[in-house]
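Q: Provided herewith: input03.cif, mmCIF, C-alpha atoms.
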```cif
data_run
#
loop_
_atom_site.group_PDB
_atom_site.id
_atom_site.type_symbol
_atom_site.label_atom_id
_atom_site.label_comp_id
_atom_site.auth_asym_id
_atom_site.auth_seq_id
_atom_site.Cartn_x
_atom_site.Cartn_y
_atom_site.Cartn_z
ATOM 1 C CA MET A 1 -47.097 -19.399 40.020
ATOM 2 C CA ILE A 2 -45.559 -21.696 37.400
ATOM 3 C CA SER A 3 -44.258 -19.929 34.280
ATOM 4 C CA ARG A 4 -45.941 -20.902 31.024
ATOM 5 C CA GLU A 5 -42.924 -20.069 28.911
ATOM 6 C CA ILE A 6 -42.064 -23.170 26.906
ATOM 7 C CA PRO A 7 -39.185 -24.006 24.589
ATOM 8 C CA ILE A 8 -39.619 -24.828 20.916
ATOM 9 C CA THR A 9 -39.498 -28.597 20.602
ATOM 10 C CA GLU A 10 -39.669 -30.907 17.610
ATOM 11 C CA SER A 11 -43.167 -32.048 18.589
ATOM 12 C CA ILE A 12 -44.429 -28.447 18.598
ATOM 13 C CA ILE A 13 -42.772 -27.770 15.237
ATOM 14 C CA GLU A 14 -44.457 -30.856 13.759
ATOM 15 C CA LYS A 15 -47.802 -29.716 15.149
ATOM 16 C CA VAL A 16 -47.488 -26.288 13.507
ATOM 17 C CA LYS A 17 -46.484 -27.918 10.207
ATOM 18 C CA SER A 18 -49.630 -30.039 10.320
ATOM 19 C CA LEU A 19 -51.832 -26.979 10.849
ATOM 20 C CA THR A 20 -50.484 -24.667 8.162
ATOM 21 C CA SER A 21 -48.658 -24.478 4.847
ATOM 22 C CA GLY A 22 -45.436 -22.717 3.977
ATOM 23 C CA PHE A 23 -44.054 -23.125 7.507
ATOM 24 C CA HIS A 24 -40.380 -22.262 7.910
ATOM 25 C CA SER A 25 -39.656 -21.616 11.602
ATOM 26 C CA ILE A 26 -41.291 -20.617 14.884
ATOM 27 C CA ILE A 27 -40.723 -17.070 16.141
ATOM 28 C CA ASP A 28 -42.479 -17.180 19.492
ATOM 29 C CA ILE A 29 -44.974 -19.174 21.572
ATOM 30 C CA ARG A 30 -47.309 -16.932 23.604
ATOM 31 C CA PRO A 31 -49.722 -18.070 26.342
ATOM 32 C CA THR A 32 -53.431 -17.231 26.275
ATOM 33 C CA ASP A 33 -56.034 -17.091 29.057
ATOM 34 C CA ASN A 34 -56.597 -20.833 28.570
ATOM 35 C CA ILE A 35 -53.835 -22.876 30.216
ATOM 36 C CA ASP A 36 -53.649 -25.329 27.299
ATOM 37 C CA LEU A 37 -53.868 -22.841 24.424
ATOM 38 C CA TYR A 38 -51.041 -20.800 22.899
ATOM 39 C CA ASN A 39 -50.658 -18.292 20.072
ATOM 40 C CA ILE A 40 -47.737 -19.331 17.878
ATOM 41 C CA ASP A 41 -45.949 -16.759 15.732
ATOM 42 C CA TYR A 42 -43.976 -18.191 12.848
ATOM 43 C CA VAL A 43 -42.169 -17.389 9.598
ATOM 44 C CA ALA A 44 -43.818 -18.709 6.449
ATOM 45 C CA ILE A 45 -42.334 -18.880 2.963
ATOM 46 C CA ASN A 46 -44.868 -19.169 0.166
ATOM 47 C CA TYR A 47 -43.656 -20.126 -3.309
ATOM 48 C CA TYR A 48 -45.343 -19.192 -6.572
ATOM 49 C CA LYS A 49 -44.592 -20.389 -10.088
ATOM 50 C CA ASN A 50 -41.556 -18.591 -11.585
ATOM 51 C CA GLU A 51 -41.689 -15.856 -8.915
ATOM 52 C CA ALA A 52 -39.556 -14.994 -5.894
ATOM 53 C CA PRO A 53 -40.934 -16.440 -2.646
ATOM 54 C CA GLU A 54 -43.030 -14.385 -0.267
ATOM 55 C CA PHE A 55 -41.720 -14.170 3.302
ATOM 56 C CA ARG A 56 -44.489 -13.668 5.849
ATOM 57 C CA TYR A 57 -45.014 -13.185 9.578
ATOM 58 C CA ASN A 58 -48.002 -15.353 10.537
ATOM 59 C CA THR A 59 -49.773 -16.304 13.761
ATOM 60 C CA LEU A 60 -51.634 -19.507 14.571
ATOM 61 C CA PRO A 61 -54.127 -18.624 17.314
ATOM 62 C CA ASN A 62 -55.252 -20.853 20.180
ATOM 63 C CA VAL A 63 -53.147 -23.934 19.438
ATOM 64 C CA ASN A 64 -53.728 -26.690 21.988
ATOM 65 C CA LEU A 65 -50.313 -27.820 23.259
ATOM 66 C CA ARG A 66 -51.452 -29.836 26.271
ATOM 67 C CA LEU A 67 -49.979 -33.113 25.009
ATOM 68 C CA GLU A 68 -46.741 -31.502 23.811
ATOM 69 C CA VAL A 69 -46.212 -29.709 27.145
ATOM 70 C CA ARG A 70 -46.988 -32.907 29.062
ATOM 71 C CA ASP A 71 -44.439 -34.904 27.069
ATOM 72 C CA MET A 72 -41.897 -32.136 27.509
ATOM 73 C CA LYS A 73 -42.345 -32.165 31.298
ATOM 74 C CA ILE A 74 -41.969 -35.951 31.410
ATOM 75 C CA GLU A 75 -38.780 -35.754 29.363
ATOM 76 C CA PHE A 76 -37.450 -32.997 31.611
ATOM 77 C CA LEU A 77 -38.112 -35.040 34.748
ATOM 78 C CA LEU A 78 -36.458 -38.130 33.280
ATOM 79 C CA LYS A 79 -33.372 -36.169 32.335
ATOM 80 C CA SER A 80 -33.118 -34.104 35.523
ATOM 81 C CA GLU A 81 -30.685 -34.974 38.287
ATOM 82 C CA PRO A 82 -32.465 -36.555 41.309
ATOM 83 C CA GLU A 83 -32.558 -34.780 44.660
ATOM 84 C CA PRO A 84 -29.713 -36.152 46.870
ATOM 85 C CA GLU A 85 -32.057 -36.849 49.799
ATOM 86 C CA PHE A 86 -34.481 -38.797 47.582
ATOM 87 C CA ASP A 87 -32.291 -40.727 45.183
ATOM 88 C CA VAL A 88 -34.611 -43.500 44.015
ATOM 89 C CA GLU A 89 -32.467 -44.124 40.963
ATOM 90 C CA SER A 90 -29.864 -45.981 43.015
ATOM 91 C CA ILE A 91 -32.630 -48.406 43.984
ATOM 92 C CA ILE A 92 -34.485 -48.925 40.687
ATOM 93 C CA TYR A 93 -31.557 -48.764 38.213
ATOM 94 C CA THR A 94 -28.426 -50.853 37.823
ATOM 95 C CA PRO A 95 -25.014 -49.068 37.852
ATOM 96 C CA GLY A 96 -24.827 -49.405 34.068
ATOM 97 C CA GLN A 97 -28.275 -47.875 33.627
ATOM 98 C CA ARG A 98 -27.370 -44.981 35.942
ATOM 99 C CA ASP A 99 -24.240 -44.313 33.864
ATOM 100 C CA ARG A 100 -26.383 -44.220 30.746
ATOM 101 C CA LEU A 101 -28.817 -41.765 32.391
ATOM 102 C CA ARG A 102 -25.926 -39.473 33.340
ATOM 103 C CA GLN A 103 -24.715 -39.532 29.745
ATOM 104 C CA LEU A 104 -28.192 -38.731 28.437
ATOM 105 C CA ARG A 105 -28.470 -35.797 30.818
ATOM 106 C CA LYS A 106 -25.230 -34.360 29.510
ATOM 107 C CA GLU A 107 -26.555 -34.561 25.979
ATOM 108 C CA ALA A 108 -30.097 -33.471 26.828
ATOM 109 C CA LYS A 109 -31.007 -29.931 25.913
ATOM 110 C CA LEU A 110 -34.520 -29.130 24.873
ATOM 111 C CA ILE A 111 -34.223 -28.277 21.229
ATOM 112 C CA THR A 112 -34.124 -24.504 21.302
ATOM 113 C CA ALA A 113 -34.341 -22.009 24.078
ATOM 114 C CA THR A 114 -36.408 -18.850 24.038
ATOM 115 C CA PRO A 115 -36.043 -17.240 20.588
ATOM 116 C CA THR A 116 -33.532 -14.387 20.402
ATOM 117 C CA VAL A 117 -35.075 -12.726 17.330
ATOM 118 C CA HIS A 118 -38.741 -11.723 17.380
ATOM 119 C CA GLY A 119 -41.352 -10.257 15.067
ATOM 120 C CA TRP A 120 -40.458 -8.970 11.644
ATOM 121 C CA GLY A 121 -36.777 -9.153 12.614
ATOM 122 C CA ALA A 122 -37.100 -12.940 12.403
ATOM 123 C CA VAL A 123 -38.604 -12.667 8.917
ATOM 124 C CA LYS A 124 -35.757 -10.392 7.815
ATOM 125 C CA LYS A 125 -33.217 -12.868 9.205
ATOM 126 C CA VAL A 126 -34.768 -15.691 7.142
ATOM 127 C CA GLN A 127 -34.731 -13.440 4.050
ATOM 128 C CA MET A 128 -31.027 -12.725 4.526
ATOM 129 C CA GLU A 129 -30.203 -16.421 4.948
ATOM 130 C CA TYR A 130 -32.185 -17.261 1.806
ATOM 131 C CA SER A 131 -30.393 -14.514 -0.150
ATOM 132 C CA GLU A 132 -26.999 -16.083 0.441
ATOM 133 C CA ASN A 133 -27.899 -19.487 -1.014
ATOM 134 C CA PHE A 134 -27.101 -18.733 -4.650
ATOM 135 C CA GLU A 135 -23.926 -18.901 -6.724
ATOM 136 C CA ILE A 136 -22.475 -17.417 -9.882
ATOM 137 C CA GLY A 137 -23.699 -19.285 -12.943
ATOM 138 C CA GLN A 138 -26.868 -20.518 -11.256
ATOM 139 C CA LYS A 139 -30.046 -20.384 -13.335
ATOM 140 C CA VAL A 140 -32.831 -18.419 -11.664
ATOM 141 C CA PHE A 141 -36.116 -16.628 -12.195
ATOM 142 C CA TYR A 142 -36.111 -12.856 -11.748
ATOM 143 C CA GLN A 143 -39.385 -10.956 -12.087
ATOM 144 C CA GLY A 144 -40.895 -14.063 -13.657
ATOM 145 C CA GLN A 145 -38.232 -14.309 -16.369
ATOM 146 C CA LYS A 146 -35.468 -16.841 -16.851
ATOM 147 C CA GLY A 147 -32.023 -15.544 -15.985
ATOM 148 C CA ILE A 148 -28.579 -16.547 -14.827
ATOM 149 C CA ILE A 149 -26.503 -15.102 -11.981
ATOM 150 C CA SER A 150 -23.435 -13.327 -13.342
ATOM 151 C CA PHE A 151 -21.862 -11.641 -10.315
ATOM 152 C CA LYS A 152 -21.872 -11.692 -6.515
ATOM 153 C CA HIS A 153 -21.675 -8.238 -4.958
ATOM 154 C CA GLU A 154 -19.805 -7.355 -1.792
ATOM 155 C CA HIS A 155 -21.957 -8.224 1.173
ATOM 156 C CA LYS A 156 -22.793 -5.771 3.957
ATOM 157 C CA ASP A 157 -23.853 -6.943 7.403
ATOM 158 C CA GLY A 158 -27.514 -6.502 8.215
ATOM 159 C CA VAL A 159 -28.793 -6.595 4.629
ATOM 160 C CA SER A 160 -29.583 -9.293 2.089
ATOM 161 C CA GLN A 161 -26.879 -10.491 -0.296
ATOM 162 C CA ARG A 162 -27.067 -8.794 -3.709
ATOM 163 C CA TRP A 163 -26.406 -10.377 -7.099
ATOM 164 C CA SER A 164 -26.204 -9.395 -10.744
ATOM 165 C CA VAL A 165 -28.627 -11.340 -12.928
ATOM 166 C CA ARG A 166 -28.519 -11.589 -16.699
ATOM 167 C CA VAL A 167 -31.959 -11.876 -18.340
ATOM 168 C CA LYS A 168 -31.647 -12.169 -22.126
ATOM 169 C CA GLU A 169 -29.721 -9.028 -23.212
ATOM 170 C CA THR A 170 -30.153 -7.159 -19.928
ATOM 171 C CA GLU A 171 -27.967 -7.457 -16.862
ATOM 172 C CA PHE A 172 -29.757 -6.392 -13.689
ATOM 173 C CA ARG A 173 -27.242 -5.333 -11.059
ATOM 174 C CA ARG A 174 -27.509 -5.338 -7.273
ATOM 175 C CA VAL A 175 -30.619 -7.524 -7.084
ATOM 176 C CA TYR A 176 -31.520 -8.758 -3.602
ATOM 177 C CA GLY A 177 -31.218 -12.518 -3.301
ATOM 178 C CA HIS A 178 -34.699 -12.823 -1.788
ATOM 179 C CA GLU A 179 -36.080 -11.459 -5.077
ATOM 180 C CA LEU A 180 -34.786 -14.539 -6.908
ATOM 181 C CA LEU A 181 -36.061 -18.077 -7.308
ATOM 182 C CA GLY A 182 -33.735 -20.897 -8.275
ATOM 183 C CA ARG A 183 -34.697 -22.722 -11.448
ATOM 184 C CA VAL A 184 -34.960 -26.469 -11.018
ATOM 185 C CA GLN A 185 -33.789 -28.217 -14.150
ATOM 186 C CA ARG A 186 -34.753 -31.700 -15.195
ATOM 187 C CA ASP A 187 -31.776 -34.002 -14.751
ATOM 188 C CA LEU A 188 -30.846 -35.200 -18.230
ATOM 189 C CA SER A 189 -27.279 -36.230 -17.434
ATOM 190 C CA HIS A 190 -28.158 -39.881 -18.095
ATOM 191 C CA ILE A 191 -28.997 -39.078 -21.734
ATOM 192 C CA LYS A 192 -26.100 -39.560 -24.158
ATOM 193 C CA ILE A 193 -25.200 -36.470 -26.192
ATOM 194 C CA ASP A 194 -25.901 -36.926 -29.906
ATOM 195 C CA LYS A 195 -22.624 -35.962 -31.607
ATOM 196 C CA GLU A 196 -24.295 -34.986 -34.878
ATOM 197 C CA LEU A 197 -26.853 -32.742 -33.182
ATOM 198 C CA ASP A 198 -24.122 -31.249 -31.011
ATOM 199 C CA LYS A 199 -22.426 -29.907 -34.173
ATOM 200 C CA LEU A 200 -25.421 -27.660 -34.890
ATOM 201 C CA SER A 201 -25.633 -24.079 -33.665
ATOM 202 C CA THR A 202 -27.697 -23.215 -30.615
ATOM 203 C CA GLU A 203 -30.064 -21.146 -32.746
ATOM 204 C CA LYS A 204 -30.631 -24.086 -35.107
ATOM 205 C CA LEU A 205 -31.256 -26.458 -32.196
ATOM 206 C CA LEU A 206 -33.759 -24.058 -30.640
ATOM 207 C CA LYS A 207 -35.726 -23.881 -33.890
ATOM 208 C CA MET A 208 -35.748 -27.680 -34.138
ATOM 209 C CA TYR A 209 -36.814 -28.027 -30.524
ATOM 210 C CA ARG A 210 -39.696 -25.565 -30.870
ATOM 211 C CA ARG A 211 -40.850 -27.188 -34.111
ATOM 212 C CA ARG A 212 -40.912 -30.636 -32.520
ATOM 213 C CA MET A 213 -42.752 -29.287 -29.473
ATOM 214 C CA LYS A 214 -45.422 -27.908 -31.795
ATOM 215 C CA LEU A 215 -45.730 -31.217 -33.647
ATOM 216 C CA ASN A 216 -45.818 -33.231 -30.416
ATOM 217 C CA LYS A 217 -48.375 -31.008 -28.640
ATOM 218 C CA GLY A 218 -45.925 -29.392 -26.232
ATOM 219 C CA VAL A 219 -43.600 -32.351 -25.708
ATOM 220 C CA GLY A 220 -40.012 -31.486 -26.579
ATOM 221 C CA ASP A 221 -37.177 -33.693 -27.748
ATOM 222 C CA VAL A 222 -35.068 -34.619 -24.708
ATOM 223 C CA THR A 223 -32.043 -35.346 -26.915
ATOM 224 C CA ILE A 224 -32.008 -31.722 -28.095
ATOM 225 C CA GLN A 225 -32.895 -30.469 -24.615
ATOM 226 C CA ARG A 226 -29.882 -32.336 -23.199
ATOM 227 C CA ILE A 227 -27.542 -30.380 -25.485
ATOM 228 C CA LEU A 228 -29.283 -27.044 -24.918
ATOM 229 C CA GLN A 229 -28.873 -27.346 -21.152
ATOM 230 C CA ASP A 230 -25.119 -26.872 -21.629
ATOM 231 C CA ARG A 231 -25.375 -24.071 -24.178
ATOM 232 C CA GLU A 232 -25.143 -20.352 -23.440
ATOM 233 C CA HIS A 233 -27.943 -17.894 -24.219
ATOM 234 C CA ILE A 234 -27.809 -16.530 -27.778
ATOM 235 C CA GLN A 235 -26.741 -12.891 -27.751
ATOM 236 C CA LYS A 236 -29.013 -10.941 -30.098
ATOM 237 C CA GLY A 237 -27.826 -7.429 -29.301
ATOM 238 C CA GLU A 238 -25.659 -5.328 -27.019
ATOM 239 C CA THR A 239 -25.848 -5.999 -23.307
ATOM 240 C CA LYS A 240 -27.997 -3.486 -21.453
ATOM 241 C CA ILE A 241 -27.046 -2.644 -17.871
ATOM 242 C CA LYS A 242 -29.753 -1.820 -15.365
ATOM 243 C CA GLU A 243 -28.927 -0.792 -11.797
ATOM 244 C CA VAL A 244 -31.820 -2.020 -9.701
ATOM 245 C CA ARG A 245 -31.188 0.340 -6.781
#
```
Show the structure stored in the file as structure tokens.

A:
Amino acid sequence: MISREIPITESIIEKVKSLTSGFHSIIDIRPTDNIDLYNIDYVAINYYKNEAPEFRYNTLPNVNLRLEVRDMKIEFLLKSEPEPEFDVESIIYTPGQRDRLRQLRKEAKLITATPTVHGWGAVKKVQMEYSENFEIGQKVFYQGQKGIISFKHEHKDGVSQRWSVRVKETEFRRVYGHELLGRVQRDLSHIKIDKELDKLSTEKLLKMYRRRMKLNKGVGDVTIQRILQDREHIQKGETKIKEVR
């Protein structure tokens, strides 16, 4: 009986992407009673406005992989060494072409082998990788509010990286990285800084910016916004420290 275990190839990944949203990576490909159909377990990351992403374990049932498996078998046969007693390659290929085939076979490895991490362990692994991709000084959203990362805590193996995040006058300490969402700022580096406006205090600029937004029906002044991007948050009181856990 031929095994129906199949590796995760680029063509299968592209198929899953076309059938779902939020796809991150495949966990496992499981056969069904139908020879062409497979259940595909995968990690999904769903993003919401100003909120940390949601990491999910999802399954696509009964995905037809007949074409993908066929192409994979053809590729395998082309890149396999011929049997010594039936070496047709010496007849149909030139010496140069045979050298090229040998080189391709050295390089050929179907994209990934059987997954080593399954189930919710795969989701946790993705969470931990995501948690590490921040840096001190980066602007983020935490619990739907704008903040900035102020400290990177010592990392322990097997858990997500923790950070301290300053939100207004409160510093939240030991926040898991997967509870954060990076803030994407509009690139205004091409706008020249107005030297006269730059002399004004941050508080004054904020008032001007809000006033102009009100007058322009929500459209702010990019010249003021360019300066504010480089300014620190205005401290209005003592810093409050909150240990998250």

Q: Which distance in Å separates CA of Trp163 (chain A) and CA of Ile149 (chain A), to one decimal?

A: 6.8 Å

Q: For Thr9 (chain A), which residue out of A:Glu129, A:Asp230, A:Asp71, A:Glu135 is the nearest one, using all atoms listed in the file?

A: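 Selected residue with least distance to Thr9 (chain A): A:Asp71.
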
Q: How far is it from CA of Glu154 (chain A) to CA of His178 (chain A), in Å with one decimal?

A: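 Answer for the CA of Glu154 (chain A) to CA of His178 (chain A) separation: 15.9 Å.
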
Q: Just checking: using all atoms listed in the file, which residue out of A:Phe134, A:Val184, A:Lys139, A:Val167 ends up closest to His153 (chain A)?

A: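 So, comparing all the options, the nearest one is A:Phe134.
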
Q: Do a neighbour search on Ile148 (chain A) at 6 Å with all atoms listed in the file, toss out local chain neighbours closer than 5 positions, and write the hits as a JSON list (two decimals) with C-alpha atoms, in the coordinates of the input.

A:
```
[["chain", "number", "residue", "atom", "x", "y", "z"],
["A", 137, "GLY", "CA", -23.70, -19.28, -12.94],
["A", 138, "GLN", "CA", -26.87, -20.52, -11.26],
["A", 139, "LYS", "CA", -30.05, -20.38, -13.34],
["A", 140, "VAL", "CA", -32.83, -18.42, -11.66],
["A", 165, "VAL", "CA", -28.63, -11.34, -12.93],
["A", 166, "ARG", "CA", -28.52, -11.59, -16.70]]
```

Q: What does the distance between CA of Arg56 (chain A) and CA of Ala44 (chain A) come to in Å, to one decimal place?

A: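 A separation of 5.1 Å between them.
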
Q: For a quick check of understanding, using all atoms listed in the file, which of A:Met128, A:Leu65, A:Ala52, A:Ile224 has the smallest distance to Lys156 (chain A)?

A: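 With all atoms listed in the file as the atom set, the closest residue is A:Met128.
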
Q: Skip Asn46 (chain A) itself and residues of its chain fewer than 3 positions away, then list as a ChimeraX atom specification all residues within 6 Å of it, counting all atoms listed in the file.

A: /A:22,53-54

Q: Could you name the residues that touch Thr32 (chain A) at 12 Å or less, counting only C-alpha atoms, but leaving out those on the same chain fewer than 5 positions away, as a ChimeraX atom specification?

A: /A:4-5,37-40,61-65

Q: How would the residues just picked look written out with C-alpha atoms as a PDB file, in the coordinates of the input?

A:
```
ATOM      1  CA  ARG A   4     -45.941 -20.902  31.024  1.00  0.00           C
ATOM      2  CA  GLU A   5     -42.924 -20.069  28.911  1.00  0.00           C
ATOM      3  CA  LEU A  37     -53.868 -22.841  24.424  1.00  0.00           C
ATOM      4  CA  TYR A  38     -51.041 -20.800  22.899  1.00  0.00           C
ATOM      5  CA  ASN A  39     -50.658 -18.292  20.072  1.00  0.00           C
ATOM      6  CA  ILE A  40     -47.737 -19.331  17.878  1.00  0.00           C
ATOM      7  CA  PRO A  61     -54.127 -18.624  17.314  1.00  0.00           C
ATOM      8  CA  ASN A  62     -55.252 -20.853  20.180  1.00  0.00           C
ATOM      9  CA  VAL A  63     -53.147 -23.934  19.438  1.00  0.00           C
ATOM     10  CA  ASN A  64     -53.728 -26.690  21.988  1.00  0.00           C
ATOM     11  CA  LEU A  65     -50.313 -27.820  23.259  1.00  0.00           C
TER      12      LEU A  65
END
```

Q: Which of these residues is nearest to Glu68 (chain A), using only C-alpha atoms: A:Gly158, A:Gly121, A:Gly220, A:Pro7?

A: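 Comparing A:Gly158, A:Gly121, A:Gly220, A:Pro7 against Glu68 (chain A), the winner is A:Pro7.
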
Q: Measuring between only C-alpha atoms, which one of A:Arg66, A:Lys124, A:Arg210, A:Lys152 shows the shortest distance to Asn34 (chain A)?

A: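 Result for the nearest residue to Asn34 (chain A): A:Arg66.
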
Q: Padding of 6 Å on every side, edges along x, y and z, all listed atoms of region 173-184 of chain A included: what centre and edge lengths in Å, to one decimal, does that box have, as JSON?

A:
```
{"center_x": -31.7, "center_y": -15.9, "center_z": -6.6, "size_x": 20.8, "size_y": 33.1, "size_z": 21.7}
```

Q: For Trp120 (chain A), list every protein, DNA or RNA residue within 10 Å, evaluated using all atoms listed in the file, and leave out those in the same chain fewer than 6 positions away; present the list as a PyMOL selection string.

A: chain A and resi 27+42-43+55-58+126

Q: Quick one: residues within 10 Å of (-36.6, -5.9, -14.0) (file frame), counting only C-alpha atoms, please, as a list in words.

A: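 These residues have at least one counted atom within 10 Å: Tyr142, Gln143, Gly144, Gln145, Val165, Val167, Thr170, Glu171, Phe172, Arg173, Val175, Lys242, Glu243 and Val244 of chain A.
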
Q: Name the residues in contact with Met208 (chain A) at a cut-off of 9 Å, using all atoms listed in the file, excluding same-chain residues fewer than 5 positions from it; report them as a list of chain:residue names.

A: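 Within the cut-off, the hits are A:Glu203, A:Met213, A:Asp221, A:Ile224.
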
Q: Using all atoms listed in the file, which residue out of A:Lys125, A:Lys49, A:Arg212, A:Arg245 lies closest to Arg162 (chain A)?

A: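 Result for the nearest residue to Arg162 (chain A): A:Arg245.
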
Q: For a cut-off of 12 Å around (-38.2, -31.4, 16.2), file coordinates, pick out all residues using only C-alpha atoms and list them as a ChimeraX atom specification.

A: /A:7-17,25-26,68,72,110-112

Q: Would you mind putting N, CA and C atoms back on region 53-67 of chain A and writing the result as a compact mmCIF listing (two decimals), in the coordinates of the input?

A:
```txt
# COMPACT_ATOMS: atom_id res chain seq x y z
N PRO A 53 -40.04 -16.05 -3.74
CA PRO A 53 -40.93 -16.44 -2.65
C PRO A 53 -41.39 -15.24 -1.83
N GLU A 54 -42.49 -15.42 -1.15
CA GLU A 54 -43.03 -14.38 -0.27
C GLU A 54 -42.73 -14.79 1.17
N PHE A 55 -42.07 -13.91 1.90
CA PHE A 55 -41.72 -14.17 3.30
C PHE A 55 -42.75 -13.47 4.19
N ARG A 56 -43.39 -14.23 5.06
CA ARG A 56 -44.49 -13.67 5.85
C ARG A 56 -44.32 -13.93 7.35
N TYR A 57 -44.89 -13.02 8.12
CA TYR A 57 -45.01 -13.18 9.58
C TYR A 57 -46.45 -13.61 9.84
N ASN A 58 -46.65 -14.83 10.31
CA ASN A 58 -48.00 -15.35 10.54
C ASN A 58 -48.19 -15.75 12.00
N THR A 59 -49.44 -15.85 12.41
CA THR A 59 -49.77 -16.30 13.76
C THR A 59 -50.86 -17.37 13.70
N LEU A 60 -50.60 -18.48 14.38
CA LEU A 60 -51.63 -19.51 14.57
C LEU A 60 -52.25 -19.27 15.94
N PRO A 61 -53.52 -18.92 16.01
CA PRO A 61 -54.13 -18.62 17.31
C PRO A 61 -54.66 -19.87 18.01
N ASN A 62 -54.59 -19.84 19.34
CA ASN A 62 -55.25 -20.85 20.18
C ASN A 62 -54.90 -22.29 19.81
N VAL A 63 -53.60 -22.57 19.73
CA VAL A 63 -53.15 -23.93 19.44
C VAL A 63 -53.07 -24.72 20.75
N ASN A 64 -53.73 -25.86 20.79
CA ASN A 64 -53.73 -26.69 21.99
C ASN A 64 -52.42 -27.47 22.07
N LEU A 65 -51.62 -27.17 23.09
CA LEU A 65 -50.31 -27.82 23.26
C LEU A 65 -50.26 -28.67 24.54
N ARG A 66 -51.43 -29.09 25.02
CA ARG A 66 -51.45 -29.84 26.27
C ARG A 66 -50.60 -31.09 26.20
N LEU A 67 -50.74 -31.87 25.12
CA LEU A 67 -49.98 -33.11 25.01
C LEU A 67 -48.49 -32.83 24.85
```
